[in-house]
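Undergrad: Here's a structure for you.
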Amino acid sequence: MAVTVHRSTWDGVIELTKSAQERGSDPLMWAIQLSSSLNSAGVRLPSTELSNLLVSHICWSNNVPMAWKFLEKALMMKIVPPMHVLALLSVSVIPSRRFHPSAYRLYMELLKRHAFSFASQVNCPNYEKIMKSIDEVLHLSQIFALPASEPGLLLVELVFSIVWQLLDASLDDEGLLEHTPEKKSSWLTGAQDMEIDSHDSYDEKRIKRHEGMHKMNTVMAVEIIGEFFKHKVTSRILYLARRNM
């Protein structure tokens, strides 16, 4: 019975989000209504299940401005954990950044707003569950061969992986990844090129617009990497990662 109620709760979230999106509802009102509904259903917030649902909603059947505004408002209202949302977006958006340059741009905007406050998120409810969910998404403990039972270690690995992802993407965008010792990325896939090639209906203007956004995104990614090394907390985390990995 409990499983049925739980499933109906998330079905209700999907219907509420789709309905609000179709009506062009105010994202704040949607977030307030959603938060109230989840609290009534006994869902503990911030919710990793809601993160999964909202990111899956966007990637890629609803990659529209309104869906991203809903996600942004859910982050602001603290009903989804920023670290988990960014982890989920990274595995969907970064490999598809050439086909969805606007999504990559929005992902990096969210990164700039939330990645530099990770330390303050350590004390949030469900912290251990959130870090475990992030490990399931990014396979950090497997990649770095460190215990998954230590949330603090996973946080260090998360920050390091974000910079690593952006660096690999930037090197790949500039055609330099093949000149690295590994000659490939642990994070990127070839899906983005296959996806583009399969769309013959692309018009010339759209291609040029995508190319322009793609170049600007690469610059922005490099700038964010620099910010990680300048920021007092994240630079210290990266130093610890380099020293111990």
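Residues in the structure tokens are named by chain (A, B, ... in the order shown) and by number from 1 within that chain; ligands are numbered from 1 in the order shown.
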Can you list, as an NGL selection string, all residues belonging to stretch 75-175 of chain A that DSSP tags as alpha helix (DSSP H)?
TA: :A and (75-76 or 82-93 or 101-114 or 118-121 or 127-138 or 140-144 or 151-173)
Undergrad: So which residues touch A:Val219 within 12 Å, counting only C-alpha atoms, skipping near sequence neighbours fewer than 4 positions away, as a ChimeraX atom specification?
TA: /A:105,108,166-167,169-171,173-174,212-215,223-226
Undergrad: Could you save the residues just selected, with N, CA and C atoms, as a PDB file, in the first residue's frame?
TA:
```
ATOM      1  N   ARG A 105      24.692  25.892 -21.317  1.00  0.00           N
ATOM      2  CA  ARG A 105      24.826  27.242 -20.770  1.00  0.00           C
ATOM      3  C   ARG A 105      24.064  27.372 -19.446  1.00  0.00           C
ATOM      4  N   MET A 108      25.738  25.529 -16.613  1.00  0.00           N
ATOM      5  CA  MET A 108      26.876  26.267 -16.063  1.00  0.00           C
ATOM      6  C   MET A 108      26.422  27.466 -15.233  1.00  0.00           C
ATOM      7  N   LEU A 166      34.411  19.687 -16.777  1.00  0.00           N
ATOM      8  CA  LEU A 166      34.503  20.927 -17.550  1.00  0.00           C
ATOM      9  C   LEU A 166      35.805  21.008 -18.331  1.00  0.00           C
ATOM     10  N   LEU A 167      36.896  20.544 -17.729  1.00  0.00           N
ATOM     11  CA  LEU A 167      38.194  20.573 -18.402  1.00  0.00           C
ATOM     12  C   LEU A 167      38.200  19.633 -19.608  1.00  0.00           C
ATOM     13  N   ALA A 169      35.623  18.574 -21.289  1.00  0.00           N
ATOM     14  CA  ALA A 169      34.715  19.110 -22.302  1.00  0.00           C
ATOM     15  C   ALA A 169      35.383  20.238 -23.085  1.00  0.00           C
ATOM     16  N   SER A 170      36.093  21.108 -22.380  1.00  0.00           N
ATOM     17  CA  SER A 170      36.764  22.247 -23.035  1.00  0.00           C
ATOM     18  C   SER A 170      37.890  21.772 -23.946  1.00  0.00           C
ATOM     19  N   LEU A 171      38.677  20.796 -23.460  1.00  0.00           N
ATOM     20  CA  LEU A 171      39.747  20.242 -24.291  1.00  0.00           C
ATOM     21  C   LEU A 171      39.171  19.557 -25.527  1.00  0.00           C
ATOM     22  N   ASP A 173      36.290  20.252 -26.960  1.00  0.00           N
ATOM     23  CA  ASP A 173      35.735  21.281 -27.840  1.00  0.00           C
ATOM     24  C   ASP A 173      36.815  21.954 -28.685  1.00  0.00           C
ATOM     25  N   GLU A 174      38.019  22.034 -28.141  1.00  0.00           N
ATOM     26  CA  GLU A 174      39.120  22.673 -28.854  1.00  0.00           C
ATOM     27  C   GLU A 174      39.977  21.664 -29.625  1.00  0.00           C
ATOM     28  N   GLY A 212      27.984  29.369 -32.551  1.00  0.00           N
ATOM     29  CA  GLY A 212      28.316  30.557 -31.776  1.00  0.00           C
ATOM     30  C   GLY A 212      28.151  30.315 -30.286  1.00  0.00           C
ATOM     31  N   MET A 213      27.062  29.672 -29.899  1.00  0.00           N
ATOM     32  CA  MET A 213      26.832  29.355 -28.489  1.00  0.00           C
ATOM     33  C   MET A 213      27.866  28.365 -27.980  1.00  0.00           C
ATOM     34  N   HIS A 214      28.231  27.435 -28.848  1.00  0.00           N
ATOM     35  CA  HIS A 214      29.219  26.414 -28.475  1.00  0.00           C
ATOM     36  C   HIS A 214      30.557  27.067 -28.123  1.00  0.00           C
ATOM     37  N   LYS A 215      30.981  28.035 -28.904  1.00  0.00           N
ATOM     38  CA  LYS A 215      32.249  28.727 -28.642  1.00  0.00           C
ATOM     39  C   LYS A 215      32.164  29.537 -27.347  1.00  0.00           C
ATOM     40  N   GLU A 223      36.322  29.779 -17.741  1.00  0.00           N
ATOM     41  CA  GLU A 223      36.212  30.801 -16.699  1.00  0.00           C
ATOM     42  C   GLU A 223      35.750  30.191 -15.375  1.00  0.00           C
ATOM     43  N   ILE A 224      34.803  29.252 -15.443  1.00  0.00           N
ATOM     44  CA  ILE A 224      34.298  28.612 -14.222  1.00  0.00           C
ATOM     45  C   ILE A 224      35.396  27.762 -13.578  1.00  0.00           C
ATOM     46  N   ILE A 225      36.177  27.076 -14.410  1.00  0.00           N
ATOM     47  CA  ILE A 225      37.311  26.305 -13.867  1.00  0.00           C
ATOM     48  C   ILE A 225      38.226  27.236 -13.084  1.00  0.00           C
ATOM     49  N   GLY A 226      38.499  28.410 -13.649  1.00  0.00           N
ATOM     50  CA  GLY A 226      39.333  29.387 -12.962  1.00  0.00           C
ATOM     51  C   GLY A 226      38.729  29.822 -11.638  1.00  0.00           C
TER      52      GLY A 226
END
```
Undergrad: Nearest to A:Leu106 among A:Leu45, A:Val233, A:Met131, A:Val64, with distances taken over only C-alpha atoms: which residue is it?
TA: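 Closest residue, counting only C-alpha atoms: A:Val64.
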Undergrad: When you draw a straight line from atom CA of A:Ala20 to atom CA of A:Ser92, how long is it in Å?
TA: 23.9 Å
Undergrad: Show me, as a tab-separated table (two decimals) with N, CA and C atoms, in the first residue's frame, the residues that have an atom within 9 Å of stretch 25-38 of chain A when counting only C-alpha atoms, minus same-chain residues fewer than 6 positions from it.
TA:
```tsv
chain	number	residue	atom	x	y	z
A	9	THR	N	2.18	9.70	-5.54
A	9	THR	CA	2.70	11.03	-5.20
A	9	THR	C	3.54	11.58	-6.33
A	10	TRP	N	4.44	10.76	-6.86
A	10	TRP	CA	5.31	11.23	-7.94
A	10	TRP	C	4.56	11.38	-9.25
A	12	GLY	N	1.59	12.47	-9.32
A	12	GLY	CA	0.95	13.77	-9.12
A	12	GLY	C	1.90	14.92	-9.38
A	13	VAL	N	3.18	14.74	-9.02
A	13	VAL	CA	4.19	15.77	-9.27
A	13	VAL	C	4.35	15.98	-10.77
A	16	LEU	N	1.28	17.81	-12.07
A	16	LEU	CA	1.31	19.21	-11.63
A	16	LEU	C	2.30	20.02	-12.46
A	17	THR	N	3.47	19.44	-12.70
A	17	THR	CA	4.52	20.15	-13.46
A	17	THR	C	4.12	20.34	-14.91
A	19	SER	N	1.09	20.38	-16.15
A	19	SER	CA	-0.04	21.31	-16.20
A	19	SER	C	0.41	22.75	-16.02
A	44	ARG	N	10.43	13.75	2.61
A	44	ARG	CA	11.44	14.57	3.28
A	44	ARG	C	12.17	15.42	2.26
A	45	LEU	N	12.26	16.71	2.53
A	45	LEU	CA	12.90	17.66	1.62
A	45	LEU	C	14.22	18.15	2.20
A	66	MET	N	10.70	27.32	-19.59
A	66	MET	CA	9.82	27.20	-18.43
A	66	MET	C	10.24	26.05	-17.53
A	67	ALA	N	10.63	24.92	-18.11
A	67	ALA	CA	11.05	23.76	-17.31
A	67	ALA	C	12.31	24.09	-16.52
A	69	LYS	N	13.13	27.13	-15.53
A	69	LYS	CA	12.72	28.07	-14.48
A	69	LYS	C	12.13	27.33	-13.29
A	70	PHE	N	11.37	26.27	-13.57
A	70	PHE	CA	10.82	25.45	-12.49
A	70	PHE	C	11.96	24.81	-11.68
A	71	LEU	N	12.94	24.28	-12.38
A	71	LEU	CA	14.07	23.64	-11.69
A	71	LEU	C	14.83	24.67	-10.85
A	72	GLU	N	15.06	25.84	-11.42
A	72	GLU	CA	15.76	26.90	-10.69
A	72	GLU	C	15.00	27.30	-9.42
A	73	LYS	N	13.66	27.39	-9.53
A	73	LYS	CA	12.86	27.77	-8.37
A	73	LYS	C	12.84	26.65	-7.32
A	74	ALA	N	12.87	25.40	-7.76
A	74	ALA	CA	12.94	24.28	-6.82
A	74	ALA	C	14.25	24.32	-6.04
A	77	MET	N	13.97	27.20	-3.49
A	77	MET	CA	13.07	26.86	-2.38
A	77	MET	C	13.60	25.70	-1.54
A	79	ILE	N	13.84	22.54	-2.18
A	79	ILE	CA	13.08	21.29	-2.21
A	79	ILE	C	13.82	20.21	-3.01
```
Undergrad: Neighbours of stretch 122-124 of chain A within 10 Å (only C-alpha atoms; same-chain residues fewer than 2 positions away dropped), as a list of chain:residue names?
TA: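 Within the cut-off, the hits are A:Leu45, A:Pro46, A:Lys78, A:Pro81, A:Ser117, A:Phe118, A:Ala119, A:Ser120, A:Asn126, A:Tyr127, A:Glu128, A:Ile130, A:Met131, A:Pro151, A:Gly152, A:Leu155.
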Undergrad: How many Å lie between atom CA of A:Met216 and atom CA of A:Gly24, rounded to one decimal?
TA: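 Taking atom CA of A:Met216 as the start and atom CA of A:Gly24 as the end point, the length is 29.3 Å.
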Undergrad: Of the residues A:Lys112, A:His57, A:Arg98, A:Lys230, which is the one nearest to A:Ile162, using only C-alpha atoms?
TA: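 Once distances to A:Ile162 are computed over only C-alpha atoms, the minimum belongs to A:Lys112.
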Undergrad: Rank nothing, just name the residue among A:Pro95, A:His6, A:Trp164, A:Val55 nearest to A:Ser40, using only C-alpha atoms.
TA: A:His6
Undergrad: Report the distance between atom CA of A:Thr218 and atom CA of A:His114 in Å, rounded to one decimal place.
TA: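 Going from atom CA of A:Thr218 over to atom CA of A:His114 covers 19.6 Å.
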